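All remarks here apply to the structure that follows.
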Amino acid sequence: MKIPVDKPVLVTSALPYVNGECHIGHLRTYVPADIYVRMLRKMGYDVRFISGSDTHGTPIVLSAEAQGITPEKVVEKYHEHFRQVFKALNVNFDYYGQTDSESNHRRTEAIVKKLIEKDYVYKRVTKQAFCDTCGRFLPDRYVEGKCPHCGDIARGDECDQGCGKHLEPGEIIEPKCKICGNAAVFKDQEQFFFKLSTFADFLSSYLDNLGGTLNARNYAREWVKKELRDWCITRNLEWGVKFPGRNDLVVYVWVDAPIGYISFTEELLKGMEGADKDWRKYWKDDKAVIVHFIGTDIIYHHCIFWPAMLKGAEYSLPDAVVASGMVKINGGTFSKSRGNVIWTKEFLERFHPDTLRYYLVSQSSHTKELNFSWDSFYLRVNNELVGVLGNLVHRVLTFAHKNFAEVPEGNIDEEVFAAIEKRRDDAISAVEEYEFKKLVDAVMSLADFGNRYFQRAEPWHLINKGEKGRESCGIVVKNALQILKAVCILLEPVMPEKMSEVWRQLGMESDVHSAKLDELMVPIESGQALGKPKMLFKRIET
Ligand SMILES: [Zn+2]
Ligand SMILES: [Zn+2]
């Protein structure tokens, strides 16, 4: 999606659910979202980037009960954990909140009240799983059983191992209590429903115009074409946002979680000049572009529940939903119990964060599944980061530093500017298509061009051919440094730390993080002192 350059942009990344540590499967959403934001800023957009911890729902309550601590303690621990992981990976949110904040409680209440006022919410007695042994209702993850759609083992609100479908309370077959393991019964219980069915026409035209990736739109369209059923939005739980006027009920976690996008925007802007006007610009007056980065497992929630809620409560609608494919490990799905998992923290103890960022986007197209294997990681690092990029940086900077110590005099060749311009255009279209692999491939082909350019010109021969030769050599070196400068700018969104290192070695005084794409075509300044070259990446011995 091409965004008008004068429109402010709000980019959100799906909220991590904070009842466990971050594994690399999580990162498929956050890293590309961060790359997207950095690229938009380079293109000149005014962007705000937010996310936060999803803190409510039954899995956290179950973890807390199992550990004999409060849900707040569980949230506190993993909220901090995720903050640290994002910091280590240079995923730079402008604001990272959490959904148990006062403002999220307040905003959720306001939205639910508005939906009630507009007659989109009604009360109905339904069958809910109940455990006679434990003497309690079993919302969502408190109950396990069979999926009514595919027959696989499912949890109360989701068929997470099988067909991935969202399940409404009472739908699960042969329910069992998750706490004591006994068979559960269905009991009548009063709950509140959102009239999702009345939004079918709205959703189908909304989805026709929604930007983002095709996989999100197509999946959601299928659901709208079939029958949209009303959505149970309350649960018998203590932990969560209270349903207005009912002390025994909280709203379903998928009501207050996306509302976090709104309250985090409010929290970010709080105290800033014109905060209220700004907040309305994003969420009320439709003056900004809203882009959600999510995983394919939560398309239903972001393309159906969420826009219907926003529409019903009179808020601005998201303009694009970008859904990344899931991550597999050695061909298998993530499983903590089977040990098929790679923890981000452990990964970062061994490898530079930029190598992981690079791998995550270069390995496969954003919407396709990514199959992680150590062999494929080593290959990317050794062949591409060391072999192509590291090689270019090393040979050009070492030669330039040794023979000139500064950027030599000379003009930039048309051929070099043309090569840079082509990659710039490729990079922009890659970002507009959310194809981050294309972005990386474009820049790596520029690095490859740089290697060939340097090799062909043989500056090491020129340098020994008198005054004239030295002059010609200087021109080759300056052009090679220009290519490096361009590689730095274009690759900074993917590898911010490493490109910052190269930027300094080029003797640039500015900050590569704030360097705009316009600077690609500005010749590197002759006479600026080059820094001491340093090895960029180390080969990984397998
Ligand atoms: Zn299923
Ligand atoms: Zn029980």
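Chain lettering (A, B, ...) mirrors the order of the structure tokens, residue numbering begins at 1 for each chain separately, and ligand numbering begins at 1 in order of display.
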Inset, instruction - Please provide as a count of residues only all residues within 8 Å of region 30-46 of chain A, with the sequence filter that same-chain residues fewer than 3 positions apart are discarded (counting only C-alpha atoms). - result: 30
Report as JSON lines the residues of chain A within 10 Å of ligand 1, each with its shortest atom pair and distance in Å (one decimal), using only C-alpha atoms and all ligand atoms, ordered by chain and increasing residue number.
```
{"residue": "A:Lys146", "atom": "CA", "partner": "ligand 1", "partner_atom_place_in_ligand_line": "1 (Zn)", "distance": 7.8}
{"residue": "A:Cys147", "atom": "CA", "partner": "ligand 1", "partner_atom_place_in_ligand_line": "1 (Zn)", "distance": 4.5}
{"residue": "A:Pro148", "atom": "CA", "partner": "ligand 1", "partner_atom_place_in_ligand_line": "1 (Zn)", "distance": 6.6}
{"residue": "A:His149", "atom": "CA", "partner": "ligand 1", "partner_atom_place_in_ligand_line": "1 (Zn)", "distance": 4.9}
{"residue": "A:Cys150", "atom": "CA", "partner": "ligand 1", "partner_atom_place_in_ligand_line": "1 (Zn)", "distance": 4.1}
{"residue": "A:Gly151", "atom": "CA", "partner": "ligand 1", "partner_atom_place_in_ligand_line": "1 (Zn)", "distance": 5.9}
{"residue": "A:Asp152", "atom": "CA", "partner": "ligand 1", "partner_atom_place_in_ligand_line": "1 (Zn)", "distance": 5.5}
{"residue": "A:Ile153", "atom": "CA", "partner": "ligand 1", "partner_atom_place_in_ligand_line": "1 (Zn)", "distance": 7.5}
{"residue": "A:Ala154", "atom": "CA", "partner": "ligand 1", "partner_atom_place_in_ligand_line": "1 (Zn)", "distance": 6.7}
{"residue": "A:Arg155", "atom": "CA", "partner": "ligand 1", "partner_atom_place_in_ligand_line": "1 (Zn)", "distance": 9.6}
{"residue": "A:Glu158", "atom": "CA", "partner": "ligand 1", "partner_atom_place_in_ligand_line": "1 (Zn)", "distance": 7.8}
{"residue": "A:Cys159", "atom": "CA", "partner": "ligand 1", "partner_atom_place_in_ligand_line": "1 (Zn)", "distance": 4.6}
{"residue": "A:Asp160", "atom": "CA", "partner": "ligand 1", "partner_atom_place_in_ligand_line": "1 (Zn)", "distance": 7.5}
{"residue": "A:Gln161", "atom": "CA", "partner": "ligand 1", "partner_atom_place_in_ligand_line": "1 (Zn)", "distance": 7.5}
{"residue": "A:Gly162", "atom": "CA", "partner": "ligand 1", "partner_atom_place_in_ligand_line": "1 (Zn)", "distance": 4.6}
{"residue": "A:Cys163", "atom": "CA", "partner": "ligand 1", "partner_atom_place_in_ligand_line": "1 (Zn)", "distance": 3.9}
{"residue": "A:Gly164", "atom": "CA", "partner": "ligand 1", "partner_atom_place_in_ligand_line": "1 (Zn)", "distance": 5.9}
{"residue": "A:Lys165", "atom": "CA", "partner": "ligand 1", "partner_atom_place_in_ligand_line": "1 (Zn)", "distance": 5.8}
{"residue": "A:His166", "atom": "CA", "partner": "ligand 1", "partner_atom_place_in_ligand_line": "1 (Zn)", "distance": 8.6}
{"residue": "A:Leu167", "atom": "CA", "partner": "ligand 1", "partner_atom_place_in_ligand_line": "1 (Zn)", "distance": 8.7}
{"residue": "A:Ile172", "atom": "CA", "partner": "ligand 1", "partner_atom_place_in_ligand_line": "1 (Zn)", "distance": 9.7}
```
How would the residues just picked look written out with N, CA and C atoms as a PDB file, in the first residue's frame?
```
ATOM      1  N   LYS A 146     -12.800 -31.552  22.326  1.00  0.00           N
ATOM      2  CA  LYS A 146     -12.628 -31.769  20.894  1.00  0.00           C
ATOM      3  C   LYS A 146     -13.205 -30.598  20.119  1.00  0.00           C
ATOM      4  N   CYS A 147     -12.503 -30.240  19.036  1.00  0.00           N
ATOM      5  CA  CYS A 147     -12.969 -29.149  18.177  1.00  0.00           C
ATOM      6  C   CYS A 147     -14.211 -29.601  17.409  1.00  0.00           C
ATOM      7  N   PRO A 148     -15.304 -28.806  17.430  1.00  0.00           N
ATOM      8  CA  PRO A 148     -16.512 -29.193  16.699  1.00  0.00           C
ATOM      9  C   PRO A 148     -16.319 -29.119  15.183  1.00  0.00           C
ATOM     10  N   HIS A 149     -15.283 -28.418  14.736  1.00  0.00           N
ATOM     11  CA  HIS A 149     -15.056 -28.268  13.290  1.00  0.00           C
ATOM     12  C   HIS A 149     -14.183 -29.373  12.719  1.00  0.00           C
ATOM     13  N   CYS A 150     -13.067 -29.691  13.414  1.00  0.00           N
ATOM     14  CA  CYS A 150     -12.120 -30.648  12.826  1.00  0.00           C
ATOM     15  C   CYS A 150     -11.884 -31.883  13.698  1.00  0.00           C
ATOM     16  N   GLY A 151     -12.380 -31.861  14.924  1.00  0.00           N
ATOM     17  CA  GLY A 151     -12.248 -33.032  15.776  1.00  0.00           C
ATOM     18  C   GLY A 151     -10.941 -33.146  16.526  1.00  0.00           C
ATOM     19  N   ASP A 152     -10.032 -32.205  16.282  1.00  0.00           N
ATOM     20  CA  ASP A 152      -8.745 -32.226  16.972  1.00  0.00           C
ATOM     21  C   ASP A 152      -8.923 -31.785  18.431  1.00  0.00           C
ATOM     22  N   ILE A 153      -7.865 -32.012  19.231  1.00  0.00           N
ATOM     23  CA  ILE A 153      -7.920 -31.525  20.605  1.00  0.00           C
ATOM     24  C   ILE A 153      -7.909 -30.001  20.586  1.00  0.00           C
ATOM     25  N   ALA A 154      -8.832 -29.384  21.326  1.00  0.00           N
ATOM     26  CA  ALA A 154      -8.938 -27.925  21.290  1.00  0.00           C
ATOM     27  C   ALA A 154      -9.082 -27.380  22.693  1.00  0.00           C
ATOM     28  N   ARG A 155      -8.811 -26.070  22.816  1.00  0.00           N
ATOM     29  CA  ARG A 155      -9.064 -25.385  24.069  1.00  0.00           C
ATOM     30  C   ARG A 155     -10.406 -24.663  23.957  1.00  0.00           C
ATOM     31  N   GLU A 158     -10.305 -21.811  21.349  1.00  0.00           N
ATOM     32  CA  GLU A 158      -9.514 -21.877  20.135  1.00  0.00           C
ATOM     33  C   GLU A 158      -9.076 -23.304  19.839  1.00  0.00           C
ATOM     34  N   CYS A 159      -9.139 -23.664  18.554  1.00  0.00           N
ATOM     35  CA  CYS A 159      -8.613 -24.965  18.133  1.00  0.00           C
ATOM     36  C   CYS A 159      -7.157 -24.737  17.733  1.00  0.00           C
ATOM     37  N   ASP A 160      -6.281 -24.618  18.734  1.00  0.00           N
ATOM     38  CA  ASP A 160      -4.927 -24.136  18.451  1.00  0.00           C
ATOM     39  C   ASP A 160      -3.999 -25.181  17.850  1.00  0.00           C
ATOM     40  N   GLN A 161      -4.297 -26.459  18.047  1.00  0.00           N
ATOM     41  CA  GLN A 161      -3.438 -27.492  17.459  1.00  0.00           C
ATOM     42  C   GLN A 161      -3.980 -27.957  16.110  1.00  0.00           C
ATOM     43  N   GLY A 162      -5.280 -27.731  15.888  1.00  0.00           N
ATOM     44  CA  GLY A 162      -5.905 -28.248  14.671  1.00  0.00           C
ATOM     45  C   GLY A 162      -6.182 -27.172  13.646  1.00  0.00           C
ATOM     46  N   CYS A 163      -7.471 -26.856  13.435  1.00  0.00           N
ATOM     47  CA  CYS A 163      -7.845 -25.975  12.330  1.00  0.00           C
ATOM     48  C   CYS A 163      -7.660 -24.496  12.639  1.00  0.00           C
ATOM     49  N   GLY A 164      -7.323 -24.164  13.874  1.00  0.00           N
ATOM     50  CA  GLY A 164      -7.040 -22.763  14.208  1.00  0.00           C
ATOM     51  C   GLY A 164      -8.264 -21.896  14.423  1.00  0.00           C
ATOM     52  N   LYS A 165      -9.459 -22.501  14.382  1.00  0.00           N
ATOM     53  CA  LYS A 165     -10.670 -21.684  14.483  1.00  0.00           C
ATOM     54  C   LYS A 165     -10.943 -21.183  15.893  1.00  0.00           C
ATOM     55  N   HIS A 166     -11.558 -20.000  15.919  1.00  0.00           N
ATOM     56  CA  HIS A 166     -12.019 -19.434  17.185  1.00  0.00           C
ATOM     57  C   HIS A 166     -13.261 -20.212  17.623  1.00  0.00           C
ATOM     58  N   LEU A 167     -13.327 -20.587  18.899  1.00  0.00           N
ATOM     59  CA  LEU A 167     -14.507 -21.296  19.401  1.00  0.00           C
ATOM     60  C   LEU A 167     -15.255 -20.420  20.397  1.00  0.00           C
ATOM     61  N   ILE A 172     -17.270 -26.428  22.462  1.00  0.00           N
ATOM     62  CA  ILE A 172     -16.318 -27.529  22.536  1.00  0.00           C
ATOM     63  C   ILE A 172     -17.036 -28.849  22.867  1.00  0.00           C
TER      64      ILE A 172
END
```
Using only C-alpha atoms and all ligand atoms, find each residue with an atom at most 12 Å away from ligand 2 and format the answer as a PDB file with N, CA and C atoms, in the first residue's frame.
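Final output, result36.pdb:
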```
ATOM      1  N   ALA A 129     -19.261 -24.450  30.073  1.00  0.00           N
ATOM      2  CA  ALA A 129     -18.637 -25.601  30.728  1.00  0.00           C
ATOM      3  C   ALA A 129     -18.487 -25.312  32.224  1.00  0.00           C
ATOM      4  N   PHE A 130     -18.834 -26.330  33.039  1.00  0.00           N
ATOM      5  CA  PHE A 130     -18.787 -26.170  34.491  1.00  0.00           C
ATOM      6  C   PHE A 130     -18.197 -27.438  35.090  1.00  0.00           C
ATOM      7  N   CYS A 131     -17.309 -27.289  36.081  1.00  0.00           N
ATOM      8  CA  CYS A 131     -16.735 -28.465  36.722  1.00  0.00           C
ATOM      9  C   CYS A 131     -17.384 -28.658  38.084  1.00  0.00           C
ATOM     10  N   ASP A 132     -18.044 -29.805  38.271  1.00  0.00           N
ATOM     11  CA  ASP A 132     -18.708 -30.093  39.550  1.00  0.00           C
ATOM     12  C   ASP A 132     -17.679 -30.312  40.652  1.00  0.00           C
ATOM     13  N   THR A 133     -16.552 -30.944  40.294  1.00  0.00           N
ATOM     14  CA  THR A 133     -15.507 -31.212  41.286  1.00  0.00           C
ATOM     15  C   THR A 133     -14.912 -29.908  41.827  1.00  0.00           C
ATOM     16  N   CYS A 134     -14.555 -29.016  40.903  1.00  0.00           N
ATOM     17  CA  CYS A 134     -13.936 -27.754  41.315  1.00  0.00           C
ATOM     18  C   CYS A 134     -14.978 -26.708  41.706  1.00  0.00           C
ATOM     19  N   GLY A 135     -16.220 -26.960  41.329  1.00  0.00           N
ATOM     20  CA  GLY A 135     -17.292 -26.034  41.680  1.00  0.00           C
ATOM     21  C   GLY A 135     -17.172 -24.682  40.996  1.00  0.00           C
ATOM     22  N   ARG A 136     -16.752 -24.701  39.728  1.00  0.00           N
ATOM     23  CA  ARG A 136     -16.622 -23.405  39.039  1.00  0.00           C
ATOM     24  C   ARG A 136     -16.895 -23.528  37.540  1.00  0.00           C
ATOM     25  N   PHE A 137     -17.199 -22.371  36.949  1.00  0.00           N
ATOM     26  CA  PHE A 137     -17.314 -22.315  35.496  1.00  0.00           C
ATOM     27  C   PHE A 137     -15.914 -22.397  34.898  1.00  0.00           C
ATOM     28  N   LEU A 138     -15.834 -22.900  33.668  1.00  0.00           N
ATOM     29  CA  LEU A 138     -14.533 -23.122  33.027  1.00  0.00           C
ATOM     30  C   LEU A 138     -14.413 -22.301  31.744  1.00  0.00           C
ATOM     31  N   PRO A 139     -14.066 -21.041  31.878  1.00  0.00           N
ATOM     32  CA  PRO A 139     -13.931 -20.236  30.665  1.00  0.00           C
ATOM     33  C   PRO A 139     -12.661 -20.592  29.880  1.00  0.00           C
ATOM     34  N   TYR A 142      -9.567 -22.940  30.629  1.00  0.00           N
ATOM     35  CA  TYR A 142      -9.858 -23.835  31.750  1.00  0.00           C
ATOM     36  C   TYR A 142     -10.464 -25.148  31.259  1.00  0.00           C
ATOM     37  N   VAL A 143     -10.805 -25.152  29.985  1.00  0.00           N
ATOM     38  CA  VAL A 143     -11.450 -26.358  29.488  1.00  0.00           C
ATOM     39  C   VAL A 143     -10.756 -26.851  28.227  1.00  0.00           C
ATOM     40  N   GLU A 144     -10.669 -28.181  28.127  1.00  0.00           N
ATOM     41  CA  GLU A 144     -10.119 -28.791  26.917  1.00  0.00           C
ATOM     42  C   GLU A 144     -11.122 -29.806  26.398  1.00  0.00           C
ATOM     43  N   PRO A 175     -16.081 -31.735  26.894  1.00  0.00           N
ATOM     44  CA  PRO A 175     -15.211 -30.837  27.674  1.00  0.00           C
ATOM     45  C   PRO A 175     -14.668 -31.506  28.930  1.00  0.00           C
ATOM     46  N   LYS A 176     -13.402 -31.185  29.223  1.00  0.00           N
ATOM     47  CA  LYS A 176     -12.753 -31.673  30.438  1.00  0.00           C
ATOM     48  C   LYS A 176     -12.192 -30.483  31.187  1.00  0.00           C
ATOM     49  N   CYS A 177     -12.245 -30.576  32.530  1.00  0.00           N
ATOM     50  CA  CYS A 177     -11.692 -29.505  33.344  1.00  0.00           C
ATOM     51  C   CYS A 177     -10.173 -29.578  33.286  1.00  0.00           C
ATOM     52  N   LYS A 178      -9.549 -28.427  33.038  1.00  0.00           N
ATOM     53  CA  LYS A 178      -8.099 -28.379  32.894  1.00  0.00           C
ATOM     54  C   LYS A 178      -7.399 -28.477  34.263  1.00  0.00           C
ATOM     55  N   ILE A 179      -8.144 -28.155  35.328  1.00  0.00           N
ATOM     56  CA  ILE A 179      -7.525 -28.160  36.651  1.00  0.00           C
ATOM     57  C   ILE A 179      -7.497 -29.572  37.254  1.00  0.00           C
ATOM     58  N   CYS A 180      -8.675 -30.239  37.249  1.00  0.00           N
ATOM     59  CA  CYS A 180      -8.732 -31.546  37.910  1.00  0.00           C
ATOM     60  C   CYS A 180      -8.795 -32.712  36.915  1.00  0.00           C
ATOM     61  N   GLY A 181      -9.011 -32.396  35.617  1.00  0.00           N
ATOM     62  CA  GLY A 181      -9.032 -33.444  34.603  1.00  0.00           C
ATOM     63  C   GLY A 181     -10.368 -34.180  34.476  1.00  0.00           C
ATOM     64  N   ASN A 182     -11.348 -33.882  35.340  1.00  0.00           N
ATOM     65  CA  ASN A 182     -12.641 -34.555  35.264  1.00  0.00           C
ATOM     66  C   ASN A 182     -13.500 -33.999  34.126  1.00  0.00           C
ATOM     67  N   ALA A 183     -14.449 -34.820  33.715  1.00  0.00           N
ATOM     68  CA  ALA A 183     -15.368 -34.376  32.674  1.00  0.00           C
ATOM     69  C   ALA A 183     -16.179 -33.196  33.196  1.00  0.00           C
ATOM     70  N   ALA A 184     -16.368 -32.218  32.324  1.00  0.00           N
ATOM     71  CA  ALA A 184     -17.165 -31.053  32.723  1.00  0.00           C
ATOM     72  C   ALA A 184     -18.585 -31.221  32.193  1.00  0.00           C
ATOM     73  N   VAL A 185     -19.493 -30.458  32.770  1.00  0.00           N
ATOM     74  CA  VAL A 185     -20.880 -30.473  32.277  1.00  0.00           C
ATOM     75  C   VAL A 185     -21.195 -29.086  31.731  1.00  0.00           C
TER      76      VAL A 185
END
```
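Interatomic distance, CA of Ala320 (chain A) against CA of Ile290 (chain A): 6.6 Å.
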Legend entry - helix (DSSP H, G or I) call set, DSSP backbone run, region 113-224 of chain A, as a PyMOL selection string: chain A and resi 113-117+140-142+196-209+214-224
Next, write the just-selected residues to a file, as an mmCIF file, in the first residue's frame, keeping C-alpha atoms as the atom set.
```cif
data_model
loop_
_atom_site.group_PDB
_atom_site.id
_atom_site.type_symbol
_atom_site.label_atom_id
_atom_site.label_comp_id
_atom_site.auth_asym_id
_atom_site.auth_seq_id
_atom_site.Cartn_x
_atom_site.Cartn_y
_atom_site.Cartn_z
ATOM 1 C CA LYS A 113 -20.616 1.251 26.998
ATOM 2 C CA LYS A 114 -20.873 2.855 23.586
ATOM 3 C CA LEU A 115 -21.659 -0.525 22.003
ATOM 4 C CA ILE A 116 -24.342 -1.122 24.658
ATOM 5 C CA GLU A 117 -25.788 2.347 24.105
ATOM 6 C CA ASP A 140 -11.580 -20.586 27.657
ATOM 7 C CA ARG A 141 -8.328 -22.288 28.654
ATOM 8 C CA TYR A 142 -9.858 -23.835 31.750
ATOM 9 C CA LEU A 196 -21.357 -9.354 15.041
ATOM 10 C CA SER A 197 -23.895 -10.744 12.557
ATOM 11 C CA THR A 198 -25.241 -7.250 11.804
ATOM 12 C CA PHE A 199 -21.785 -6.193 10.596
ATOM 13 C CA ALA A 200 -21.574 -8.708 7.711
ATOM 14 C CA ASP A 201 -22.201 -6.176 4.927
ATOM 15 C CA PHE A 202 -19.952 -3.612 6.511
ATOM 16 C CA LEU A 203 -17.153 -6.164 6.890
ATOM 17 C CA SER A 204 -17.361 -7.442 3.371
ATOM 18 C CA SER A 205 -16.944 -3.963 1.870
ATOM 19 C CA TYR A 206 -14.350 -3.050 4.490
ATOM 20 C CA LEU A 207 -12.269 -6.102 3.582
ATOM 21 C CA ASP A 208 -12.484 -5.261 -0.115
ATOM 22 C CA ASN A 209 -10.702 -1.984 0.595
ATOM 23 C CA LEU A 214 -3.643 -10.824 0.759
ATOM 24 C CA ASN A 215 -3.546 -13.743 3.188
ATOM 25 C CA ALA A 216 -5.266 -11.599 5.842
ATOM 26 C CA ARG A 217 -8.019 -10.324 3.570
ATOM 27 C CA ASN A 218 -8.710 -13.693 1.967
ATOM 28 C CA TYR A 219 -8.934 -15.583 5.220
ATOM 29 C CA ALA A 220 -11.303 -13.017 6.723
ATOM 30 C CA ARG A 221 -13.466 -12.860 3.579
ATOM 31 C CA GLU A 222 -14.093 -16.594 3.784
ATOM 32 C CA TRP A 223 -15.487 -16.125 7.265
ATOM 33 C CA VAL A 224 -17.713 -13.241 6.324
#
```
Legend entry - Within 8 Å of Glu238 (chain A) using only C-alpha atoms, minus same-chain residues under 2 positions, as a ChimeraX atom specification: /A:236,240,248-250
Inset, instruction - Using only C-alpha atoms, find the one residue out of A:Phe347, A:Tyr300, A:Tyr315, A:Phe243 that sits nearest to Lys287 (chain A). - result: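 Counting only C-alpha atoms, the residue closest to Lys287 (chain A) is A:Tyr315.
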Inset, instruction - Select, from A:Lys402, A:Ala529, A:Ala442, A:Ser53, the residue with the minimum atom-to-atom distance to Glu509 (chain A), counting only C-alpha atoms. - result: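 Between A:Lys402, A:Ala529, A:Ala442, A:Ser53, the residue approaching Glu509 (chain A) most closely is A:Ala529.
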Legend entry - Between CA of Ile412 (chain A) and CA of Pro523 (chain A) - distance in Å to one decimal: 6.8 Å
Inset, instruction - Could you jot down the CA of Val381 (chain A) to CA of Tyr358 (chain A) separation for me, Å, one decimal place? - result: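 Result for CA of Val381 (chain A) versus CA of Tyr358 (chain A): 8.7 Å, one decimal.
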Inset, instruction - Can you pull out every residue within 12 Å of region 327-329 of chain A, counting only C-alpha atoms, but drop anything in the same chain fewer than 6 positions away, and send it as a ChimeraX atom specification? - result: /A:23-29,295-297,335-336,338-343,360-361,363-377
Can I get the selected residues back with N, CA and C atoms, as a CSV table (one decimal), in the first residue's frame?
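Dumped everything to result09.csv:
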```csv
chain,number,residue,atom,x,y,z
A,23,HIS,N,10.2,-16.7,22.3
A,23,HIS,CA,10.9,-17.5,21.4
A,23,HIS,C,11.0,-16.9,20.0
A,24,ILE,N,11.8,-17.5,19.1
A,24,ILE,CA,12.1,-16.8,17.9
A,24,ILE,C,10.8,-16.7,17.0
A,25,GLY,N,9.9,-17.6,17.3
A,25,GLY,CA,8.6,-17.6,16.5
A,25,GLY,C,7.9,-16.3,16.7
A,26,HIS,N,8.0,-15.7,17.9
A,26,HIS,CA,7.4,-14.4,18.2
A,26,HIS,C,7.9,-13.3,17.2
A,27,LEU,N,9.2,-13.4,16.9
A,27,LEU,CA,9.9,-12.3,16.3
A,27,LEU,C,9.5,-12.0,14.9
A,28,ARG,N,8.8,-12.9,14.3
A,28,ARG,CA,8.4,-12.8,12.9
A,28,ARG,C,7.5,-11.6,12.7
A,29,THR,N,6.8,-11.2,13.7
A,29,THR,CA,5.9,-10.0,13.6
A,29,THR,C,6.7,-8.7,14.0
A,295,GLY,N,0.4,-12.0,13.3
A,295,GLY,CA,0.7,-13.3,12.8
A,295,GLY,C,-0.6,-13.9,12.2
A,296,THR,N,-0.4,-14.9,11.3
A,296,THR,CA,-1.6,-15.4,10.6
A,296,THR,C,-2.6,-16.0,11.6
A,297,ASP,N,-2.2,-16.4,12.8
A,297,ASP,CA,-3.1,-17.0,13.8
A,297,ASP,C,-4.1,-16.1,14.4
A,335,SER,N,7.1,-26.4,20.1
A,335,SER,CA,6.5,-27.1,21.2
A,335,SER,C,7.5,-27.0,22.3
A,336,LYS,N,7.0,-26.4,23.4
A,336,LYS,CA,7.9,-26.3,24.6
A,336,LYS,C,8.0,-27.7,25.2
A,338,ARG,N,7.9,-30.6,23.8
A,338,ARG,CA,8.7,-31.5,23.0
A,338,ARG,C,10.1,-31.0,22.8
A,339,GLY,N,10.4,-29.8,23.4
A,339,GLY,CA,11.7,-29.2,23.3
A,339,GLY,C,12.0,-28.6,21.9
A,340,ASN,N,11.0,-28.5,21.1
A,340,ASN,CA,11.2,-27.9,19.7
A,340,ASN,C,11.0,-26.4,19.8
A,341,VAL,N,12.0,-25.7,20.4
A,341,VAL,CA,11.8,-24.3,20.6
A,341,VAL,C,13.2,-23.7,20.7
A,342,ILE,N,13.3,-22.4,20.2
A,342,ILE,CA,14.5,-21.7,20.3
A,342,ILE,C,14.2,-20.4,21.0
A,343,TRP,N,14.8,-20.2,22.2
A,343,TRP,CA,14.5,-19.0,23.0
A,343,TRP,C,15.4,-17.9,22.5
A,360,LEU,N,15.6,-13.5,9.7
A,360,LEU,CA,14.2,-13.6,9.8
A,360,LEU,C,13.5,-13.0,8.5
A,361,VAL,N,14.1,-12.0,7.9
A,361,VAL,CA,13.5,-11.5,6.7
A,361,VAL,C,14.0,-12.0,5.4
A,363,GLN,N,15.1,-15.1,4.9
A,363,GLN,CA,14.9,-16.6,4.7
A,363,GLN,C,13.6,-16.9,3.9
A,364,SER,N,12.5,-16.1,4.0
A,364,SER,CA,11.4,-16.4,3.2
A,364,SER,C,10.5,-15.2,3.1
A,365,SER,N,9.6,-15.3,2.1
A,365,SER,CA,8.6,-14.2,1.9
A,365,SER,C,7.8,-14.0,3.2
A,366,HIS,N,7.4,-12.7,3.5
A,366,HIS,CA,6.8,-12.4,4.8
A,366,HIS,C,5.5,-13.2,5.1
A,367,THR,N,4.7,-13.5,4.0
A,367,THR,CA,3.5,-14.2,4.3
A,367,THR,C,3.6,-15.7,4.3
A,368,LYS,N,4.8,-16.2,3.9
A,368,LYS,CA,5.0,-17.6,3.9
A,368,LYS,C,5.5,-18.1,5.2
A,369,GLU,N,5.4,-19.4,5.4
A,369,GLU,CA,5.9,-20.1,6.6
A,369,GLU,C,7.5,-20.0,6.5
A,370,LEU,N,8.1,-19.8,7.7
A,370,LEU,CA,9.5,-19.7,7.8
A,370,LEU,C,10.0,-21.0,8.5
A,371,ASN,N,10.8,-21.8,7.9
A,371,ASN,CA,11.3,-23.0,8.5
A,371,ASN,C,12.7,-22.8,9.0
A,372,PHE,N,12.8,-22.6,10.3
A,372,PHE,CA,14.1,-22.3,10.9
A,372,PHE,C,14.9,-23.6,11.0
A,373,SER,N,16.2,-23.5,10.5
A,373,SER,CA,17.2,-24.6,10.8
A,373,SER,C,18.5,-23.9,11.0
A,374,TRP,N,19.3,-24.5,11.9
A,374,TRP,CA,20.6,-24.0,12.1
A,374,TRP,C,21.5,-23.9,10.9
A,375,ASP,N,21.3,-24.9,10.0
A,375,ASP,CA,22.1,-24.9,8.8
A,375,ASP,C,21.8,-23.7,7.9
A,376,SER,N,20.5,-23.4,7.8
A,376,SER,CA,20.1,-22.3,6.9
A,376,SER,C,20.6,-21.0,7.6
A,377,PHE,N,20.6,-20.9,8.9
A,377,PHE,CA,21.1,-19.7,9.6
A,377,PHE,C,22.6,-19.5,9.3
```
Inset, instruction - Could you give me, as a PyMOL selection string, each residue of region 106-316 of chain A that DSSP assigns to strand (DSSP E or B) when run on this structure's backbone? - result: chain A and resi 121-131+136-137+143-146+153-155+158+166+173-177+183+185-194+211-212+231-232+234-235+242+250-251+289-295
